[in-house]
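S.K.: Compact mmCIF, C-alpha atoms, file structure29.txt:
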# COMPACT_ATOMS: atom_id res chain seq x y z
CA MET A 1 -25.68 15.01 4.97
CA ALA A 2 -23.03 14.67 7.70
CA ASP A 3 -21.35 17.72 9.11
CA PHE A 4 -17.68 18.10 8.24
CA THR A 5 -15.20 19.89 10.46
CA LYS A 6 -11.53 19.58 11.33
CA ASP A 7 -12.63 17.37 14.24
CA SER A 8 -14.69 14.93 12.19
CA LEU A 9 -12.21 12.12 12.78
CA LYS A 10 -11.82 12.69 16.49
CA ILE A 11 -12.92 9.65 18.47
CA ASP A 12 -13.81 8.97 22.06
CA SER A 13 -10.73 6.82 22.64
CA GLU A 14 -11.95 5.40 25.92
CA ALA A 15 -15.26 4.25 24.44
CA VAL A 16 -13.60 2.88 21.29
CA THR A 17 -11.05 0.99 23.37
CA ASP A 18 -13.74 -0.53 25.57
CA GLU A 19 -15.74 -1.65 22.56
CA LEU A 20 -12.70 -3.09 20.77
CA CYS A 21 -11.66 -4.99 23.89
CA ARG A 22 -15.14 -6.46 24.15
CA LEU A 23 -15.00 -7.52 20.50
CA ILE A 24 -11.49 -8.99 20.75
CA LEU A 25 -12.59 -11.12 23.68
CA LYS A 26 -15.76 -12.20 21.90
CA GLN A 27 -13.97 -12.98 18.62
CA THR A 28 -11.00 -14.88 20.04
CA ARG A 29 -12.59 -16.78 22.92
CA GLY A 30 -16.25 -16.78 21.98
CA ILE A 31 -16.23 -17.29 18.23
CA MET A 32 -12.84 -18.85 17.46
CA LYS A 33 -12.38 -20.64 20.83
CA LYS A 34 -8.77 -19.49 20.98
CA GLY A 35 -7.01 -18.80 24.25
CA GLY A 36 -4.93 -15.80 23.26
CA ALA A 37 -3.51 -13.67 20.48
CA VAL A 38 -0.27 -13.62 18.54
CA VAL A 39 0.75 -10.22 17.17
CA GLY A 40 3.60 -9.45 14.82
CA ILE A 41 5.24 -6.37 16.34
CA SER A 42 7.44 -4.13 14.24
CA GLY A 43 7.87 -1.10 16.45
CA GLY A 44 5.29 0.68 14.31
CA ILE A 45 2.16 2.42 15.50
CA ASP A 46 -0.42 -0.08 14.17
CA SER A 47 1.04 -3.27 15.58
CA SER A 48 1.71 -1.44 18.85
CA VAL A 49 -1.92 -0.42 19.21
CA VAL A 50 -3.15 -3.92 18.36
CA ALA A 51 -0.77 -5.50 20.88
CA ALA A 52 -1.86 -2.99 23.53
CA LEU A 53 -5.55 -3.64 22.81
CA CYS A 54 -5.07 -7.42 22.95
CA SER A 55 -3.16 -7.11 26.24
CA ARG A 56 -5.98 -5.08 27.71
CA ALA A 57 -8.70 -7.38 26.36
CA LEU A 58 -7.15 -10.76 27.07
CA GLY A 59 -4.52 -9.99 29.69
CA PRO A 60 -0.81 -9.69 28.85
CA LYS A 61 -0.16 -13.34 29.67
CA LYS A 62 -2.40 -14.29 26.75
CA VAL A 63 -0.53 -12.19 24.21
CA LEU A 64 2.64 -13.07 22.36
CA GLY A 65 4.51 -10.41 20.42
CA VAL A 66 6.63 -11.79 17.61
CA MET A 67 9.44 -9.66 16.23
CA MET A 68 10.49 -10.80 12.77
CA PRO A 69 13.45 -8.76 11.60
CA GLU A 70 15.43 -9.62 8.50
CA LYS A 71 18.75 -8.30 7.31
CA GLU A 72 17.22 -5.23 5.64
CA SER A 73 14.99 -4.21 8.57
CA ALA A 74 15.60 -0.91 10.31
CA GLY A 75 17.78 -1.60 13.36
CA GLU A 76 15.55 0.39 15.69
CA SER A 77 12.44 -1.72 14.94
CA LYS A 78 13.42 -4.49 17.33
CA ASP A 79 14.38 -2.10 20.14
CA LEU A 80 11.08 -0.25 19.85
CA ALA A 81 9.11 -3.49 19.82
CA GLN A 82 10.86 -4.55 23.03
CA ILE A 83 10.09 -1.21 24.69
CA LEU A 84 6.45 -1.81 23.80
CA ALA A 85 6.44 -5.34 25.22
CA ASP A 86 8.07 -4.14 28.43
CA LYS A 87 5.45 -1.43 28.79
CA PHE A 88 2.44 -3.71 28.36
CA GLY A 89 3.97 -6.81 29.94
CA PHE A 90 3.47 -9.40 27.22
CA GLU A 91 5.99 -12.06 26.24
CA THR A 92 8.04 -11.70 23.06
CA VAL A 93 10.02 -13.94 20.76
CA VAL A 94 12.44 -12.90 18.03
CA GLU A 95 12.32 -14.80 14.78
CA THR A 96 14.97 -13.62 12.36
CA ILE A 97 13.62 -14.50 8.94
CA SER A 98 16.68 -13.68 6.79
CA GLY A 99 17.64 -17.36 6.48
CA GLY A 100 14.16 -18.35 5.35
CA LEU A 101 14.09 -15.52 2.84
CA GLU A 102 17.46 -16.58 1.48
CA GLY A 103 16.12 -20.13 1.15
CA MET A 104 13.33 -18.77 -1.01
CA ASP A 105 15.78 -16.67 -3.05
CA CYS A 106 13.81 -13.57 -2.05
CA TYR A 107 16.81 -11.24 -2.22
CA ASP A 108 18.33 -12.79 -5.36
CA ARG A 109 15.04 -12.70 -7.27
CA ARG A 110 14.47 -9.07 -6.29
CA ASN A 111 18.05 -8.06 -7.10
CA GLU A 112 17.81 -9.72 -10.50
CA ALA A 113 14.84 -7.49 -11.31
CA ILE A 114 16.62 -4.38 -10.01
CA LYS A 115 19.64 -5.17 -12.17
CA SER A 116 17.39 -5.32 -15.23
CA VAL A 117 16.80 -1.59 -14.58
CA PHE A 118 20.21 -0.63 -13.10
CA PRO A 119 22.74 -3.25 -14.31
CA ASP A 120 25.49 -1.98 -12.00
CA PHE A 121 23.32 -2.24 -8.85
CA ASN A 122 25.58 -3.53 -6.07
CA GLU A 123 23.39 -5.40 -3.61
CA LYS A 124 26.16 -5.50 -1.00
CA ALA A 125 26.55 -1.71 -0.83
CA ASP A 126 23.59 -0.02 -2.52
CA LYS A 127 20.10 0.36 -1.07
CA CYS A 128 16.86 0.47 -3.00
CA LYS A 129 13.23 1.47 -2.68
CA ILE A 130 10.13 2.02 -4.80
CA THR A 131 8.27 5.33 -4.74
CA ILE A 132 5.15 6.84 -6.29
CA PRO A 133 4.39 10.52 -7.02
CA THR A 134 3.58 12.45 -3.83
CA ASN A 135 2.06 15.45 -5.60
CA ILE A 136 -1.29 13.82 -6.18
CA LEU A 137 -3.29 16.85 -5.08
CA GLU A 138 -1.32 19.26 -7.25
CA LYS A 139 -1.64 17.45 -10.52
CA GLU A 140 -3.80 14.74 -12.03
CA THR A 141 -1.23 11.96 -12.26
CA TYR A 142 -1.00 8.20 -12.30
CA ASN A 143 0.40 6.21 -9.38
CA PHE A 144 3.35 4.97 -11.41
CA PHE A 145 6.32 3.34 -9.70
CA THR A 146 9.88 4.63 -9.64
CA LEU A 147 12.86 2.54 -8.58
CA VAL A 148 15.35 4.51 -6.49
CA VAL A 149 18.86 3.21 -5.82
CA GLU A 150 20.94 4.91 -3.12
CA ARG A 151 24.72 4.60 -3.37
CA PRO A 152 26.97 4.61 -0.26
CA ASP A 153 28.28 8.08 -1.24
CA GLY A 154 24.73 9.45 -1.13
CA THR A 155 24.16 9.47 -4.89
CA LYS A 156 20.59 8.62 -5.85
CA LEU A 157 19.57 7.08 -9.17
CA SER A 158 15.93 6.82 -10.12
CA LYS A 159 14.04 5.41 -13.05
CA ARG A 160 10.41 4.63 -13.80
CA MET A 161 10.02 0.88 -13.59
CA PRO A 162 9.21 -1.30 -16.59
CA PRO A 163 6.25 -3.55 -15.74
CA ALA A 164 8.16 -6.85 -15.65
CA ALA A 165 10.80 -5.47 -13.28
CA TYR A 166 8.18 -3.87 -11.03
CA LEU A 167 6.12 -7.04 -10.79
CA GLN A 168 9.18 -9.17 -10.02
CA VAL A 169 10.44 -6.79 -7.32
CA VAL A 170 7.03 -6.80 -5.65
CA ALA A 171 6.54 -10.56 -6.01
CA ALA A 172 9.96 -11.26 -4.50
CA SER A 173 9.60 -8.68 -1.71
CA ASN A 174 6.22 -10.13 -0.77
CA PHE A 175 8.04 -13.24 0.47
CA LYS A 176 8.85 -11.12 3.52
CA GLN A 177 5.23 -10.55 4.54
CA ARG A 178 4.24 -14.11 3.65
CA LEU A 179 7.04 -15.64 5.68
CA ARG A 180 6.07 -13.42 8.60
CA MET A 181 2.48 -14.65 8.31
CA ALA A 182 3.66 -18.30 8.32
CA THR A 183 5.81 -17.59 11.38
CA LEU A 184 2.89 -16.02 13.25
CA TYR A 185 0.70 -19.04 12.53
CA TYR A 186 3.43 -21.35 13.82
CA HIS A 187 3.32 -19.61 17.17
CA ALA A 188 -0.46 -19.33 17.17
CA GLU A 189 -1.13 -22.98 16.34
CA LYS A 190 1.45 -24.13 18.87
CA ARG A 191 -0.60 -22.40 21.58
CA ASN A 192 -4.06 -22.75 20.03
CA TRP A 193 -4.23 -18.96 19.87
CA ALA A 194 -5.40 -16.61 17.10
CA VAL A 195 -3.35 -14.32 14.85
CA ALA A 196 -4.22 -10.63 15.13
CA GLY A 197 -4.03 -8.54 11.96
CA THR A 198 -2.52 -5.09 12.38
CA GLY A 199 -3.71 -3.23 9.28
CA ASN A 200 -5.66 0.01 9.62
CA LYS A 201 -8.43 1.24 7.33
CA ASP A 202 -6.06 3.14 5.03
CA GLU A 203 -4.04 -0.02 4.42
CA HIS A 204 -6.97 -2.41 4.32
CA MET A 205 -9.21 -0.48 1.95
CA GLN A 206 -6.55 1.00 -0.32
CA GLY A 207 -4.80 -2.36 -0.66
CA PHE A 208 -1.57 -1.56 1.12
CA PHE A 209 -0.99 -5.12 2.30
CA VAL A 210 0.13 -8.44 0.88
CA LYS A 211 -2.61 -10.94 0.20
CA TYR A 212 -1.92 -13.98 2.41
CA GLY A 213 0.96 -12.00 3.90
CA ASP A 214 0.22 -9.29 6.43
CA GLY A 215 -3.35 -9.51 5.12
CA GLY A 216 -3.55 -13.07 6.49
CA ALA A 217 -4.94 -13.02 10.03
CA ASP A 218 -7.82 -14.38 12.10
CA PHE A 219 -9.18 -11.05 13.26
CA LYS A 220 -8.45 -7.44 12.33
CA PRO A 221 -9.34 -5.15 15.22
CA ILE A 222 -8.28 -1.82 13.68
CA ALA A 223 -9.11 -2.41 10.00
CA HIS A 224 -12.05 0.02 10.31
CA LEU A 225 -10.00 2.86 11.84
CA PHE A 226 -8.30 5.66 9.92
CA LYS A 227 -4.59 6.07 10.61
CA ILE A 228 -5.11 9.33 12.47
CA GLN A 229 -7.64 7.56 14.71
CA VAL A 230 -5.06 4.85 15.41
CA TYR A 231 -2.77 7.62 16.65
CA GLN A 232 -5.49 8.81 19.01
CA LEU A 233 -5.88 5.29 20.42
CA ALA A 234 -2.11 5.01 20.79
CA GLU A 235 -2.06 8.15 22.92
CA TYR A 236 -4.92 6.90 25.06
CA LEU A 237 -3.45 3.41 25.52
CA GLY A 238 -0.05 4.80 26.49
CA VAL A 239 1.97 3.51 23.56
CA PRO A 240 5.55 4.81 24.09
CA GLU A 241 6.27 8.20 22.53
CA GLU A 242 9.25 6.83 20.57
CA ILE A 243 6.79 4.70 18.62
CA ILE A 244 4.12 7.37 18.21
CA GLY A 245 6.67 9.89 16.94
CA ARG A 246 8.25 7.55 14.42
CA THR A 247 7.57 8.11 10.71
CA PRO A 248 5.62 5.11 9.36
CA THR A 249 7.77 3.09 6.95
CA THR A 250 7.22 -0.06 4.93
CA ASP A 251 10.12 -2.01 6.50
CA THR A 252 10.28 -3.89 3.21
CA TYR A 253 13.02 -2.24 1.19
CA SER A 254 16.66 -1.71 2.13
CA ALA A 255 16.47 2.07 1.70
CA GLU A 256 14.11 3.74 4.15
CA VAL A 257 10.84 4.61 2.44
CA THR A 258 7.86 6.27 4.08
CA GLN A 259 4.36 4.92 3.54
CA GLU A 260 3.50 8.28 1.97
CA GLU A 261 6.13 7.99 -0.77
CA PHE A 262 5.71 4.25 -1.27
CA PHE A 263 1.98 3.96 -1.44
CA PHE A 264 -0.39 6.67 -0.28
CA GLY A 265 1.14 9.70 -2.01
CA LEU A 266 -0.38 12.01 0.59
CA ASP A 267 0.07 12.77 4.28
CA PHE A 268 -2.25 10.83 6.58
CA TYR A 269 -4.19 13.81 7.93
CA ARG A 270 -5.26 15.13 4.54
CA MET A 271 -5.84 11.67 3.10
CA ASP A 272 -7.99 10.52 6.01
CA MET A 273 -9.98 13.74 6.10
CA LEU A 274 -10.54 13.63 2.34
CA TRP A 275 -11.60 10.01 2.57
CA TYR A 276 -14.03 10.70 5.39
CA ALA A 277 -15.46 13.57 3.36
CA LEU A 278 -15.78 11.36 0.31
CA GLU A 279 -17.53 8.61 2.28
CA HIS A 280 -19.94 11.08 3.79
CA LYS A 281 -20.67 12.72 0.44
CA ILE A 282 -19.30 16.09 1.53
CA GLN A 283 -19.37 18.55 -1.36
CA PRO A 284 -15.82 19.30 -2.62
CA GLU A 285 -16.43 23.00 -1.94
CA LYS A 286 -17.10 22.32 1.76
CA ALA A 287 -14.16 19.89 2.11
CA ALA A 288 -11.89 22.44 0.40
CA GLU A 289 -12.94 25.14 2.85
CA VAL A 290 -12.32 22.97 5.93
CA LEU A 291 -9.01 21.55 4.74
CA GLY A 292 -7.59 24.70 3.21
CA LEU A 293 -7.40 23.12 -0.24
CA SER A 294 -8.72 24.16 -3.61
CA VAL A 295 -11.83 22.44 -4.98
CA GLU A 296 -9.66 20.93 -7.73
CA GLN A 297 -7.29 19.47 -5.14
CA VAL A 298 -10.20 17.90 -3.26
CA LYS A 299 -11.56 16.39 -6.46
CA ARG A 300 -8.13 14.94 -7.29
CA GLY A 301 -7.89 13.51 -3.76
CA TYR A 302 -11.36 11.95 -4.01
CA ALA A 303 -10.52 10.42 -7.41
CA ASN A 304 -7.20 9.01 -6.21
CA ILE A 305 -8.77 7.30 -3.19
CA GLU A 306 -11.66 5.93 -5.24
CA ARG A 307 -9.27 4.53 -7.82
CA LYS A 308 -7.14 2.76 -5.22
CA VAL A 309 -10.12 1.23 -3.42
CA ARG A 310 -11.54 -0.01 -6.74
CA ALA A 311 -8.23 -1.27 -8.13
CA THR A 312 -7.40 -3.31 -5.00
CA GLU A 313 -10.72 -5.08 -4.59
CA TYR A 314 -9.07 -8.33 -5.65
CA LEU A 315 -6.78 -8.21 -2.62
CA ARG A 316 -9.74 -8.22 -0.24
CA MET A 317 -11.65 -10.94 -2.06
CA PRO A 318 -11.81 -14.42 -0.52
CA PRO A 319 -11.03 -17.30 -2.90
CA ILE A 320 -13.82 -17.65 -5.44
CA GLU A 321 -15.64 -20.92 -5.06
CA VAL A 322 -17.97 -22.68 -7.47
CA THR A 323 -21.49 -22.32 -6.18
CA MET B 1 1.58 12.85 -38.32
CA ALA B 2 -0.40 12.03 -41.49
CA ALA B 3 -3.99 10.85 -41.19
CA ILE B 4 -3.09 7.37 -42.41
CA ASP B 5 -0.51 7.10 -39.63
CA GLN B 6 -3.09 8.04 -37.04
CA ILE B 7 -5.26 5.18 -38.18
CA GLU B 8 -2.27 2.86 -37.91
CA VAL B 9 -1.48 4.15 -34.41
CA GLN B 10 -5.12 3.68 -33.38
CA LYS B 11 -5.09 0.12 -34.66
CA LYS B 12 -1.88 -0.76 -32.84
CA LEU B 13 -3.22 0.72 -29.61
CA ARG B 14 -6.51 -1.10 -29.95
CA ASP B 15 -4.72 -4.40 -30.62
CA PHE B 16 -2.45 -3.91 -27.61
CA ILE B 17 -5.31 -2.98 -25.29
CA THR B 18 -7.38 -5.93 -26.48
CA GLU B 19 -4.56 -8.40 -25.93
CA THR B 20 -3.35 -6.97 -22.64
CA PHE B 21 -6.36 -5.67 -20.75
CA LEU B 22 -9.58 -6.88 -22.34
CA VAL B 23 -9.47 -10.61 -21.75
CA GLY B 24 -12.85 -11.89 -22.81
CA SER B 25 -14.19 -8.41 -23.61
CA ASP B 26 -14.89 -6.76 -26.92
CA ILE B 27 -12.76 -3.79 -27.98
CA SER B 28 -15.62 -2.55 -30.13
CA SER B 29 -17.36 -1.55 -26.91
CA ILE B 30 -14.54 0.92 -26.21
CA ASN B 31 -14.84 4.29 -27.91
CA ASP B 32 -11.78 6.30 -28.81
CA ASN B 33 -12.58 8.93 -26.20
CA ASP B 34 -13.55 6.53 -23.37
CA SER B 35 -11.49 7.04 -20.22
CA PHE B 36 -9.40 3.95 -19.40
CA MET B 37 -9.69 4.79 -15.71
CA GLU B 38 -13.43 5.35 -15.68
CA LYS B 39 -14.00 2.18 -17.69
CA GLU B 40 -11.64 0.36 -15.27
CA ILE B 41 -9.50 -0.90 -18.15
CA VAL B 42 -6.09 0.13 -16.82
CA ASP B 43 -4.79 0.08 -13.22
CA SER B 44 -1.42 1.35 -11.95
CA THR B 45 0.45 -1.70 -13.23
CA GLY B 46 -1.46 -1.39 -16.49
CA VAL B 47 -0.20 2.18 -16.86
CA LEU B 48 3.35 0.84 -16.73
CA GLU B 49 2.51 -1.74 -19.39
CA LEU B 50 0.81 0.83 -21.59
CA THR B 51 3.64 3.35 -21.41
CA ALA B 52 6.28 0.66 -21.99
CA PHE B 53 4.38 -0.41 -25.12
CA VAL B 54 4.01 3.14 -26.41
CA GLU B 55 7.69 3.93 -25.83
CA THR B 56 8.87 0.79 -27.59
CA GLU B 57 6.36 0.63 -30.41
CA PHE B 58 6.50 4.31 -31.37
CA ASP B 59 10.10 4.97 -30.33
CA ILE B 60 9.35 7.87 -28.03
CA ALA B 61 10.39 8.62 -24.46
CA ILE B 62 7.64 9.51 -21.97
CA GLU B 63 8.88 11.77 -19.19
CA ASP B 64 7.56 11.34 -15.64
CA ASP B 65 5.70 14.65 -15.79
CA GLU B 66 3.94 13.46 -18.93
CA MET B 67 2.46 10.46 -17.06
CA THR B 68 -0.92 12.11 -16.78
CA PRO B 69 -4.48 11.14 -17.73
CA ASP B 70 -4.50 14.18 -20.03
CA ASN B 71 -1.94 12.41 -22.20
CA LEU B 72 -2.67 8.73 -21.72
CA ASP B 73 -6.24 8.09 -20.55
CA SER B 74 -7.97 7.23 -23.83
CA ILE B 75 -7.12 6.02 -27.30
CA GLU B 76 -7.80 9.50 -28.67
CA LYS B 77 -5.53 11.16 -26.09
CA LEU B 78 -2.80 8.64 -26.74
CA VAL B 79 -2.96 9.16 -30.50
CA ASN B 80 -2.67 12.93 -30.03
CA PHE B 81 0.14 12.53 -27.52
CA ILE B 82 2.09 10.19 -29.79
CA ALA B 83 1.59 12.61 -32.69
CA ARG B 84 2.95 15.50 -30.59
CA LYS B 85 5.93 13.50 -29.39
CA SER B 86 6.71 12.24 -32.89
CA GLY B 87 6.38 15.61 -34.52
Could you express the structure from this file as structure tokens?

M.R.:
Amino acid sequence: MADFTKDSLKIDSEAVTDELCRLILKQTRGIMKKGGAVVGISGGIDSSVVAALCSRALGPKKVLGVMMPEKESAGESKDLAQILADKFGFETVVETISGGLEGMDCYDRRNEAIKSVFPDFNEKADKCKITIPTNILEKETYNFFTLVVERPDGTKLSKRMPPAAYLQVVAASNFKQRLRMATLYYHAEKRNWAVAGTGNKDEHMQGFFVKYGDGGADFKPIAHLFKIQVYQLAEYLGVPEEIIGRTPTTDTYSAEVTQEEFFFGLDFYRMDMLWYALEHKIQPEKAAEVLGLSVEQVKRGYANIERKVRATEYLRMPPIEVT
Amino acid sequence: MAAIDQIEVQKKLRDFITETFLVGSDISSINDNDSFMEKEIVDSTGVLELTAFVETEFDIAIEDDEMTPDNLDSIEKLVNFIARKSG
């Protein structure tokens, strides 16, 4: 049985970086015969680390960072992405995707579903987001979805979502990630380059991505790394502090929503440590002692992670072919 | 809730679960005390569907803090929960 300490997820960032650079070079040039990499950069930690790794592996002249804001994106995302590009020296393009999303009726379809829950939702003034319970260690609970509307005067309305409204909001919002994927492939095919995926292990294995959206990529260099390991790489690679210190958000809904309240329901440190412990068959008693949790909390954390991995298997499946 | 009502509630739940979640499977293989989560019958979207059905069909309101496996994770638990809420 593996040992389990507070340092179990510490990595040798230099060695990991060297190995990932070797693999990126092998996968893009050697296997796919592509000259470079296109990375969608959002000003978030994951895309920043992937862009930095690709720059180091392939040289900054063989990396293109694509910023794809839309009218509901956080204003600072673009500025942070540019700071990143300036630091690592790769070229950038800005593709504003609001027009494309309007052409697909992304906003109208989503707003229609929101209005089925809150009929007086004013899309011009109000903001919205979806949240899940964040007390998953305290109480055995389901990951049900709550729609939150924020009024300009600060008033917040919230209501558990009926299934039809939830599914329509998600289906409409997913146009954003799918249009971004199409945009990345435009730039990649134009150059005969490959598209780099930016999901980490938490997102990849727990299904926090859109199938054929941000899940659509040619190679995924950090999909095996826990979020807190991505932070360690970011420090080592010299990703700007403004990006490292930023709270991870979804950049999908008009109201700011953290990844913890939208999807994971738990802070990254405890989730990653619990997951590592679960994978390495650490007894709940031992995990509880190391993490300062009760045994019941550890068991709830294990169960929540297992459920999400199991429930999202479909997202990671390739198309099923007749054999 | 009278015993006859409990049987009716069970039947309605079984019919709903069969139609909604058990495409191509046999409801008779599900026991009243089987966990929906452990049997992989209901996921997070399924929970929304299940609670919406229970609220509409039995005219009860399920509060957020009642959205727990203790209340909703098997036919038996659901029947007891509905009986408590209706009482």

S.K.: Assuming 4 Å of padding per side, give the centre and edge lengths of the axis-aligned box around every listed atom of stretch 14-26 of chain B, in Å to one decimal and as JSON.

M.R.:
{"center_x": -8.7, "center_y": -6.5, "center_z": -25.7, "size_x": 20.4, "size_y": 18.8, "size_z": 17.9}

S.K.: Could you make a table, as a tab-separated table, of the residues of chain B that have an atom within 7 Å of an atom of chain A, each with its nearest atom pair and distance in Å to one decimal, counting only C-alpha atoms, in chain and number order?

M.R.:
residue	atom	partner	partner_atom	distance
B:Asp43	CA	A:Ala311	CA	6.3
B:Ser44	CA	A:Asn143	CA	5.8
B:Thr45	CA	A:Pro163	CA	6.6
B:Leu48	CA	A:Pro163	CA	5.4
B:Glu49	CA	A:Pro163	CA	5.5
B:Ala52	CA	A:Pro162	CA	6.4
B:Met67	CA	A:Thr141	CA	6.2
B:Thr68	CA	A:Thr141	CA	4.5
B:Pro69	CA	A:Thr141	CA	6.4

S.K.: Distance atom CA of A:Gly44-atom CA of A:Phe226, one decimal place?

M.R.: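 Result for atom CA of A:Gly44 versus atom CA of A:Phe226: 15.1 Å, one decimal.
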
S.K.: Rounded to one decimal in Å, what is the spacing between atom CA of A:Thr134 and atom CA of A:Ala287?

M.R.: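 Here the two named atoms are 20.1 Å from each other.
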
S.K.: Kindly give the distance, in Å, that separates atom CA of A:Ser73 and atom CA of A:Asn135, rounded to a single decimal.

M.R.: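 Going from atom CA of A:Ser73 over to atom CA of A:Asn135 covers 27.5 Å.
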
S.K.: Pick from A:Ile41, A:Leu291, A:Ile244, A:Ile132: nearest to A:Leu266, with all atoms listed in the file counted?

M.R.: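 Counting all atoms listed in the file, the residue closest to A:Leu266 is A:Ile132.
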
S.K.: Let me make sure I understand: among A:His280, A:Glu138, A:Tyr212, A:Arg110, which one has the smallest atom-to-atom distance to B:Asp65 if we use only C-alpha atoms?

M.R.: A:Glu138

S.K.: Determine the nearest neighbour of B:Val23 from the options B:Phe58, B:Ile82, B:Leu50, B:Ile41, counting all atoms listed in the file.

M.R.: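 Looking at the shortest contact to B:Val23, the residue is B:Ile41.
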
S.K.: Counting only C-alpha atoms, select every polymer residue within 10 Å of (-11.5, 7.2, -19.5) as defined in the file's coordinates, and provide the selection as number ranges by chain.

M.R.: B: 30-42, 69-70, 72-75, 77

S.K.: List the spatial neighbours of A:Phe121 as a ChimeraX atom specification - criterion: any atom at most 12 Å away, only C-alpha atoms, same-chain residues fewer than 5 positions off excluded.

M.R.: /A:110-116,126-128,147-152,156-158

S.K.: Limited to C-alpha atoms, could you put the picked residues into a file as a short mmCIF file (atom, residue, chain, number, x, y, z; two decimals), keeping the file's coordinate frame?

M.R.:
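Contents of selection.cif, as written:
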data_model
loop_
_atom_site.label_atom_id
_atom_site.label_comp_id
_atom_site.auth_asym_id
_atom_site.auth_seq_id
_atom_site.Cartn_x
_atom_site.Cartn_y
_atom_site.Cartn_z
CA ARG A 110 14.47 -9.07 -6.29
CA ASN A 111 18.05 -8.06 -7.10
CA GLU A 112 17.81 -9.72 -10.50
CA ALA A 113 14.84 -7.49 -11.31
CA ILE A 114 16.62 -4.38 -10.01
CA LYS A 115 19.64 -5.17 -12.17
CA SER A 116 17.39 -5.32 -15.23
CA ASP A 126 23.59 -0.02 -2.52
CA LYS A 127 20.10 0.36 -1.07
CA CYS A 128 16.86 0.47 -3.00
CA LEU A 147 12.86 2.54 -8.58
CA VAL A 148 15.35 4.51 -6.49
CA VAL A 149 18.86 3.21 -5.82
CA GLU A 150 20.94 4.91 -3.12
CA ARG A 151 24.72 4.60 -3.37
CA PRO A 152 26.97 4.61 -0.26
CA LYS A 156 20.59 8.62 -5.85
CA LEU A 157 19.57 7.08 -9.17
CA SER A 158 15.93 6.82 -10.12
#

S.K.: Working from the structure I just supplied, which lacks atoms in stretch 183-194 of chain A, can you model N, CA and C atoms there and output them as a compact mmCIF listing (two decimals), in the frame of the given file?

M.R.:
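Output file result_28.txt follows:
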# COMPACT_ATOMS: atom_id res chain seq x y z
N THR A 183 5.16 -17.55 10.07
CA THR A 183 5.81 -17.59 11.38
C THR A 183 4.79 -17.31 12.50
N LEU A 184 3.92 -16.33 12.26
CA LEU A 184 2.89 -16.02 13.25
C LEU A 184 1.97 -17.22 13.47
N TYR A 185 1.60 -17.88 12.38
CA TYR A 185 0.70 -19.04 12.53
C TYR A 185 1.39 -20.21 13.22
N TYR A 186 2.71 -20.31 13.07
CA TYR A 186 3.43 -21.35 13.82
C TYR A 186 3.20 -21.12 15.32
N HIS A 187 3.44 -19.90 15.73
CA HIS A 187 3.32 -19.61 17.17
C HIS A 187 1.87 -19.67 17.64
N ALA A 188 0.95 -19.28 16.78
CA ALA A 188 -0.46 -19.33 17.17
C ALA A 188 -0.95 -20.77 17.29
N GLU A 189 -0.63 -21.59 16.31
CA GLU A 189 -1.13 -22.98 16.34
C GLU A 189 -0.50 -23.76 17.48
N LYS A 190 0.76 -23.45 17.76
CA LYS A 190 1.45 -24.13 18.87
C LYS A 190 0.73 -23.90 20.20
N ARG A 191 0.07 -22.75 20.32
CA ARG A 191 -0.60 -22.40 21.58
C ARG A 191 -2.13 -22.51 21.49
N ASN A 192 -2.61 -22.82 20.31
CA ASN A 192 -4.06 -22.75 20.03
C ASN A 192 -4.59 -21.33 20.26
N TRP A 193 -3.85 -20.36 19.80
CA TRP A 193 -4.23 -18.96 19.87
C TRP A 193 -4.59 -18.45 18.46
N ALA A 194 -5.01 -17.21 18.38
CA ALA A 194 -5.40 -16.61 17.10
C ALA A 194 -4.35 -15.58 16.67
